[in-house]
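Taking it in order: structure first as structure tokens, then the write-up.
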Protein chains: 4
Amino acid sequence: MSQKVYVGILGATGTVGQRFIALLENHPIFEIKAIGASARSAGKIYSECTERTWKMTTDIPENIKGMTIVPCEPEHFKGCRLIFSGLDASVAGEIETNFANAGYAVFSNAKNHRMNPLVPLLVPLCNTEHFDVIKYQQEKYGYKTGMIVTNANCASTGLVVVLKALQNAFGPINKVMVHTLQAISGAGYPGVASLDIIDNVVPFIGGEEEKVESEALKMLGTINQETHEFQHLTNMKISAHCNRVPVVDGHVTNLSIEFEKDAPSVEEVIKVLKEYTCEAQSLKCPSAPKECIIVKDSPDRPQPRLDRDRYGGMAVTVGRVRECPLFDIKLSLLIHNTILGAAGSSILNAEVAVAKGIF
Amino acid sequence: MSQKVYVGILGATGTVGQRFIALLENHPIFEIKAIGASARSAGKIYSECTERTWKMTTDIPENIKGMTIVPCEPEHFKGCRLIFSGLDASVAGEIETNFANAGYAVFSNAKNHRMNPLVPLLVPLCNTEHFDVIKYQQEKYGYKTGMIVTNANCASTGLVVVLKALQNAFGPINKVMVHTLQAISGAGYPGVASLDIIDNVVPFIGGEEEKVESEALKMLGTINQETHEFQHLTNMKISAHCNRVPVVDGHVTNLSIEFEKDAPSVEEVIKVLKEYTCEAQSLKCPSAPKECIIVKDSPDRPQPRLDRDRYGGMAVTVGRVRECPLFDIKLSLLIHNTILGAAGSSILNAEVAVAKGIF
Amino acid sequence: MSQKVYVGILGATGTVGQRFIALLENHPIFEIKAIGASARSAGKIYSECTERTWKMTTDIPENIKGMTIVPCEPEHFKGCRLIFSGLDASVAGEIETNFANAGYAVFSNAKNHRMNPLVPLLVPLCNTEHFDVIKYQQEKYGYKTGMIVTNANCASTGLVVVLKALQNAFGPINKVMVHTLQAISGAGYPGVASLDIIDNVVPFIGGEEEKVESEALKMLGTINQETHEFQHLTNMKISAHCNRVPVVDGHVTNLSIEFEKDAPSVEEVIKVLKEYTCEAQSLKCPSAPKECIIVKDSPDRPQPRLDRDRYGGMAVTVGRVRECPLFDIKLSLLIHNTILGAAGSSILNAEVAVAKGIF
Amino acid sequence: MSQKVYVGILGATGTVGQRFIALLENHPIFEIKAIGASARSAGKIYSECTERTWKMTTDIPENIKGMTIVPCEPEHFKGCRLIFSGLDASVAGEIETNFANAGYAVFSNAKNHRMNPLVPLLVPLCNTEHFDVIKYQQEKYGYKTGMIVTNANCASTGLVVVLKALQNAFGPINKVMVHTLQAISGAGYPGVASLDIIDNVVPFIGGEEEKVESEALKMLGTINQETHEFQHLTNMKISAHCNRVPVVDGHVTNLSIEFEKDAPSVEEVIKVLKEYTCEAQSLKCPSAPKECIIVKDSPDRPQPRLDRDRYGGMAVTVGRVRECPLFDIKLSLLIHNTILGAAGSSILNAEVAVAKGIF
């Protein structure tokens with residue numbers, strides 16, 4: 001790959017935009033050529049505009065510091081082939097459509113297009129075969145070279161990787177009880193008020209349980225061969241309890257799972273999870289983790305602070321695989337919600353798209 | 001009640017012992033007359049011995065400060081009728097038996113005798129009718145005036161109150177999925193290392209899930225009319241996921257519940273929970289909460305920091321009652337784990353025993 | 001005091017307003033008769049308006065729940081003699097002046113009038129003799145029965161009590177190095193974003209160091225006998241380093257102090273702090289703490305979580321009194337920033353005013 | 001440097017030992033050849049022995065996992081030239097002396113030998129010229145090729161770098177008031193109990209203030225040309241207030257500084273700090289940071305979570321340089337206490353020793 005792919009960032013001053021910029025520093029394939037933000041920021045130098053709001057733990061990359069922020073309009077992104085969108089849901093829908101119409105491949109973190117039956121909802125360790133829908137999307141919306149690809153809500157991301165691995169090996173899963181302990185970074189910045197979460201947990205995250213209960217069914221589903229639209233899984237039922245906890249990064253999810261057929265043993269489950277691989281790995285994408293699913297032996301893992309950064313935050317860590325008195329198997333899993341659960345997924349999805357020649 | 005009941009505290013220098021001492025300050029019925037601890041502390045003045053280890057947020061009560069700590073042997077507790085035990089499980093079993101043999105009524109926080117089929121495992125808002133077993137316990141062990149009464153593990157305490165209320169109203173419950181977010185104070189002092197829990201959660205508490213899955217079945221069970229032993233509930237199956245979170249006090253539990261018969265509506269469940277009352281209330285025990293179960297309307301409650309201290313930490317707070325896609329009903333509940341979940345339960349159990357004339 | 005004094009609350013839906021309402025529940029002298037808030041809330045029932053925003057750890061008092069919120073205009077507060085203002089600084093200045101003009105005694109938490117040379121800046125454990133300025137304030141502004149009384153910034157409150165006690169006993173203090181570790185509740189709600197403070201401290205609070213370096217000089221100063229205005233202390237120099245830490249309530253302050261004359265011994269300092277009393281105590285005001293300054297012997301105190309609630313949050317706790325290699329004495333102190341450091345001070349100031357017959 | 005230097009780790013299972021192992025993974029100069037621990041662990045395989053106690057956020061390096069732990073005796077470290085000691089102070093003194101006697105160069109984190117007048121107390125960004133004392137140390141103790149080199153207490157480390165830079169530029173410093181906000185990792189594992197620090201700060205760390213007030217004077221001092229022992233700085237007086245805060249890693253220190261001569265301006269101080277370089281940089285040591293001192297412009301920095309990891313945790317970050325009303329200049333600084341403040345310092349000290357040909 002001698003020539004870099006030029007990319008643009010939408011929402012470059014926000015939390016997700018900052019994460020895109022930090023993760024793309026020294027990226028072997030992608031190079032940022034344009035950074036867009038709201039009218040309030042457009043025209044300003046990036047390092048000046050974000051002097052007090054840059055919240056990454058690494059510095060602003062040298063090549064970005066002096067860039068001038070442009071408005072989030074396609075004409076300002078000429079030369080870019082690919083657009084990573086960290087826009088807020090209040091504006092993302094229309095702007096992303098504009099970019100797709102103008103011929104850009106848009107990889108979005110926003111929820112607006114996620115449930116569109118012609119838009120792939122991708123977790124790169126799980127369902128990159130869903131890129132197949134792109135040609136129908138382009139046909140229907142007249143996008144030509146443009147396209148919209150979304151990634152999942154952070155709380156669904158780890159879940160579907162584990163369910164996919166198990167479903168591949170042991171057949172249909174009927175019931176999934178999901179209990180999350182979600183990090184504050186999932187709510188953006190300023191997000192959760194400290195008075196709401198220090199010495200506290202909040203057993204509620206607005207709209208989150210509904211997303212967990214529905215998004216997974218699309219990601220684990222298939223493309224209908226006649227309508228060419230996504231057909232959600234219908235045999236699986238998910239119930240979610242979502243909680244906010246005082247952790248900076250890293251969502252823990254406890255699962256109880258019931259299979260349609262005979263339950264596998266704990267040892268079989270562990271073996272299948274450890275051996276699970278994904279297309280991003282076989283395509284040798286640079287951000288793909290060495291292992292999709294790390295299975296820990298120690299009984300008190302996974303833990304956010306200790307495990308979230310393994311393989312650059314791009315793997316799912318699983319522990320405590322054991323029998324469930326009510327269903328078949330229970331376990332705990334962890335993902336880094338702002339990397340694999342957000343910007344990192346978008347980037348790896350885009351790497352897969354490049355490797356597959358989708359653009 | 002013109003005359004106070006004199007009580008002794010075992011394990012008076014530890015966390016649970018300190019909590020007993022703090023909660024019994026100015027108690028209308030009970031008055032501490034003797035405080036026992038290990039040989040290392042015996043003979044010392046209480047305020048000197050605990051100068052650096054007293055961790056309550058109120059001062060050591062004036063009448064306790066100058067007391068001399070005695071060894072945990074019955075002869076040092078003469079004049080006391082009632083013994084509250086905050087002993088560690090490593091020593092509690094034998095010492096408590098000694099006190100029962102010597103004629104004392106022992107109310108224990110330790111787990112040692114909890115599963116003995118002749119020892120009541122009491123949550124005072126749930127199953128004080130289980131005091132009926134005491135006469136059989138005394139008969140079998142030859143205790144005469146002595147007895148052992150235990151209270152439940154903190155993670156089971158709120159659970160059984162809610163299940164009891166629902167079972168009373170809607171009949172047998174088949175399945176209960178339990179997810180806990182437990183406070184650090186549940187592990188005692190020094191307990192959880194700060195490096196293990198700041199910016200972190202631990203999806204594991206040794207032995208806790210087993211207790212939650214079994215203790216409730218005893219508390220919701222009955223006394224067998226022939227053997228006079230406890231008969232555990234057999235129709236109900238419980239599966240627990242227990243997690244430690246960086247909260248000082250207050251365990252949150254998320255439940256999904258399936259009834260044997262037709263599912264009640266959300267409104268019916270709320271009504272039943274709000275109207276639930278217990279024997280400790282009808283006996284007008286001083287530590288009984290005005291409401292057993294507080295049901296919050298706001299969608300983001302209960303929360304540990306805001307709700308744990310209602311009614312002096314002696315009530316269960318419930319919120320988010322809603323339908324469960326997998327079972328019938330899901331909800332979140334909260335208790336103050338070191339008050340209703342520990343020492344407060346022991347004290348209210350003892351108040352009930354006094355009111356019922358059990359000693 | 002057979003007849004209660006009727007009071008109104010300005011800014012009743014905000015954090016400080018909520019604290020006023022919680023602290024005044026069952027108050028022996030004051031009874032809330034009117035609650036005011038912004039136009040957005042006016043006309044609404046209090047419990048409905050604050051259903052999701054009430055953040056106190058006790059319930060909304062029964063007599064307040066059903067009250068209708070009124071606009072912050074004097075005509076809606078008829079029958080009230082006293083007004084507690086929890087208004088935001090952006091609007092407090094003018095509204096409070098309106099109420100003083102209309103004849104109300106306004107006790108304000110806002111900073112707007114604090115540095116007015118005719119407005120007393122009162123910490124009730126320190127300088128209630130400054131009420132003497134009220135007659136000149138009324139004269140100058142033509143307030144008749146109206147008046148404005150302010151209380152200090154939370155970070156200055158504990159500081160001046162300790163300095164006052166030491167200055168009384170050992171004469172002028174030349175230098176005070178102040179280092180604060182301030183709780184998040186000092187920033188109001190939503191205030192500090194959790195992403196800024198979990199696993200973090202922020203060595204900066206906008207405008208705070210300037211307040212600490214100047215407010216104390218007014219509070220420890222005197223009323224000029226000719227101009228009848230406050231004359232700030234001129235011999236004392238204060239340097240402040242203010243830090244935000246992840247603590248819910250309770251500001252810790254480390255002090256190094258240099259006296260003008262010979263340095264007292266550590267034992268003399270401890271004795272003077274322990275024996276210090278204030279006018280609010282001698283007037284037997286109901287909110288006055290039993291001890292103004294609690295001196296802890298244990299070397300690791302004061303600590304926010306353990307000490308902030310002593311005497312209802314109305315005392316200063318001091319520990320670690322020792323020699324300073326650079327100045328004379330160093331020590332640590334703690335106050336509850338939202339009680340003694342805010343609404344509690346206002347209430348005790350008002351109790352003193354009633355006891356002194358100021359209105 | 002074609003040939004790697006073989007090193008051994010003492011105390012390899014503890015927190016500091018783990019940090020050494022993590023930091024030395026893929027080190028360009030040093031390669032771990034032996035790992036020692038207490039008799040309890042000796043003979044065990046490292047990965048098995050630390051399965052539940054490995055607390056780093058990266059995995060155990062592959063080449064270490066299978067190593068057998070040896071006793072901390074010199075004969076088990078043959079082939080190693082250099083020993084990094086993460087031993088506990090209770091045993092470090094004698095063991096380290098044994099290794100020096102046996103001809104090893106010992107780089108220790110323990111406090112035992114720090115104040116020995118012939119042992120250099122080195123912060124690699126500050127005083128590597130103190131290696132000059134080694135020849136006298138070897139002479140006096142008959143060490144031949146052996147030697148003992150120590151690094152400073154974490155709370156002194158950042159302090160001396162800043163003082164050194166300022167002293168070099170502006171001459172002697174008379175007074176330094178130090179206020180620390182120290183992370184929990186500074187206390188090791190299990191270290192600080194979570195009940196002592198969640199929603200809390202502790203204004204006391206046993207023995208810490210004494211270390212801060214004395215260690216800096218040795219590090220900023222010189223080697224006496226006659227006695228060949230360290231001569232501590234005598235003109236500087238330091239007063240320290242040390243506080244523990246709920247931060248995982250990263251000590252913040254607030255300083256007020258008074259110079260003997262005319263005070264430099266804020267701009268001059270900033271310029272000097274930015275331009276400060278150290279010998280480790282000019283020797284091109286691999287762990288030397290690109291900048292010794294990073295000066296942040298944003299008024300709310302440095303912050304532990306955002307700044308501790310810059311340059312791999314090997315730099316000092318400074319912010320808030322401003323005039324002090326009492327002394328000349330005040331500022332805040334931050335270091336990563338377990339990297340530059342501990343194991344990282346030892347490693348960089350050893351890199352300097354190699355580059356200077358000391359062994």
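Chain lettering (A, B, ...) mirrors the order of the structure tokens, residue numbering begins at 1 for each chain separately, and ligand numbering begins at 1 in order of display.
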
inquiry  = Quick one: residues within 10 Å of Leu163 of chain B, only C-alpha atoms, excluding same-chain residues fewer than 5 positions away - as a ChimeraX atom specification?
reply    = /B:126,158,168-169,172-173,176,216,220,255,257,273

May I have the selected residues written with C-alpha atoms, as an mmCIF file, in the first residue's frame?
```
data_model
loop_
_atom_site.group_PDB
_atom_site.id
_atom_site.type_symbol
_atom_site.label_atom_id
_atom_site.label_comp_id
_atom_site.auth_asym_id
_atom_site.auth_seq_id
_atom_site.Cartn_x
_atom_site.Cartn_y
_atom_site.Cartn_z
ATOM 1 C CA CYS B 126 -39.281 -10.297 55.248
ATOM 2 C CA GLY B 158 -33.084 -6.432 49.526
ATOM 3 C CA ASN B 168 -47.435 -12.882 48.632
ATOM 4 C CA ALA B 169 -49.416 -11.046 45.999
ATOM 5 C CA PRO B 172 -44.881 -18.544 43.164
ATOM 6 C CA ILE B 173 -41.897 -17.078 41.343
ATOM 7 C CA VAL B 176 -34.925 -14.726 39.228
ATOM 8 C CA ALA B 216 -33.060 -16.499 49.533
ATOM 9 C CA LEU B 220 -38.615 -17.517 51.466
ATOM 10 C CA LEU B 255 -33.705 -8.194 38.848
ATOM 11 C CA ILE B 257 -38.409 -12.108 37.488
ATOM 12 C CA LEU B 273 -44.448 -3.082 46.483
#
```

key: Close residues, Glu268 of chain D itself excluded, 12 Å, only C-alpha atoms, min 3 positions apart in chain, as a list in words   =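 Selected residues are Ala165, Leu166, Ala169, Phe170, Ala263, Pro264, Ser265, Lys271, Val272, Leu273, Lys274, Glu275, Val321, Arg322, Glu323 and Ile329 of chain D.
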
message = Applying 9 Å and only C-alpha atoms, which residues near segment 198-203 of chain C remain after dropping the ones on its own chain fewer than 5 positions away? List them as number ranges by chain.
response = A: 194, 198, 246-248; B: 198-199; C: 181, 193, 241-246; D: 181, 183, 245-250, 252-254, 299-306, 320, 332

inquiry  = My list of candidates is A:Cys72, A:Met314, A:Leu334, A:Val16. Which is closest to chain B when distances are computed with only C-alpha atoms?
reply    =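 Closest residue, counting only C-alpha atoms: A:Leu334.
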
ask   = Where does DSSP see strand (DSSP E or B) in segment 122-355 of chain A, if you list the residues as a ChimeraX atom specification?
value = /A:122,147-151,173-182,193,202,222-223,230-231,237-244,251-259,293-295,316-323,329-335

task = Just list the residues in segment 53-109 of chain C DSSP gives helix (DSSP H, G or I) on the backbone, as a ChimeraX atom specification.
result = /C:62-65,74-77,89-101

query = Mind listing as JSON, numbers by chain which residues of chain B are within 7 Å of chain C, counting only C-alpha atoms?
reply = {"B": [51, 52, 55, 56, 57, 58, 199, 298, 306, 307, 310]}

For C-alpha atoms, I'd like the residues from the last selection saved as an mmCIF file, in the first residue's frame.
```cif
data_model
loop_
_atom_site.group_PDB
_atom_site.id
_atom_site.type_symbol
_atom_site.label_atom_id
_atom_site.label_comp_id
_atom_site.auth_asym_id
_atom_site.auth_seq_id
_atom_site.Cartn_x
_atom_site.Cartn_y
_atom_site.Cartn_z
ATOM 1 C CA GLU B 51 -8.265 5.860 68.058
ATOM 2 C CA ARG B 52 -6.959 5.239 64.559
ATOM 3 C CA LYS B 55 -14.243 4.634 60.802
ATOM 4 C CA MET B 56 -17.830 5.674 61.510
ATOM 5 C CA THR B 57 -18.937 9.152 60.479
ATOM 6 C CA THR B 58 -20.209 9.873 63.983
ATOM 7 C CA ASP B 199 -11.464 3.689 37.893
ATOM 8 C CA SER B 298 -37.923 9.108 38.522
ATOM 9 C CA LEU B 306 -29.072 9.660 47.079
ATOM 10 C CA ASP B 307 -31.270 6.867 48.402
ATOM 11 C CA ARG B 310 -33.804 6.969 53.659
#
```

ask   = How far is it from atom CA of Val7 of chain A to atom CA of Ser156 of chain A, in Å with one decimal?
value =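 One can read the atom CA of Val7 of chain A to atom CA of Ser156 of chain A distance as 26.5 Å.
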
query = In Å to one decimal, how far is atom CA of Gly341 of chain A from atom CA of Phe359 of chain A?
reply =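 Value for the atom CA of Phe359 of chain A-atom CA of Gly341 of chain A distance: 23.8 Å.
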
message = Show me, as a count of residues only, the residues that have an atom within 9 Å of Ala92 of chain B when counting only C-alpha atoms, minus same-chain residues fewer than 3 positions from it.
response = 13
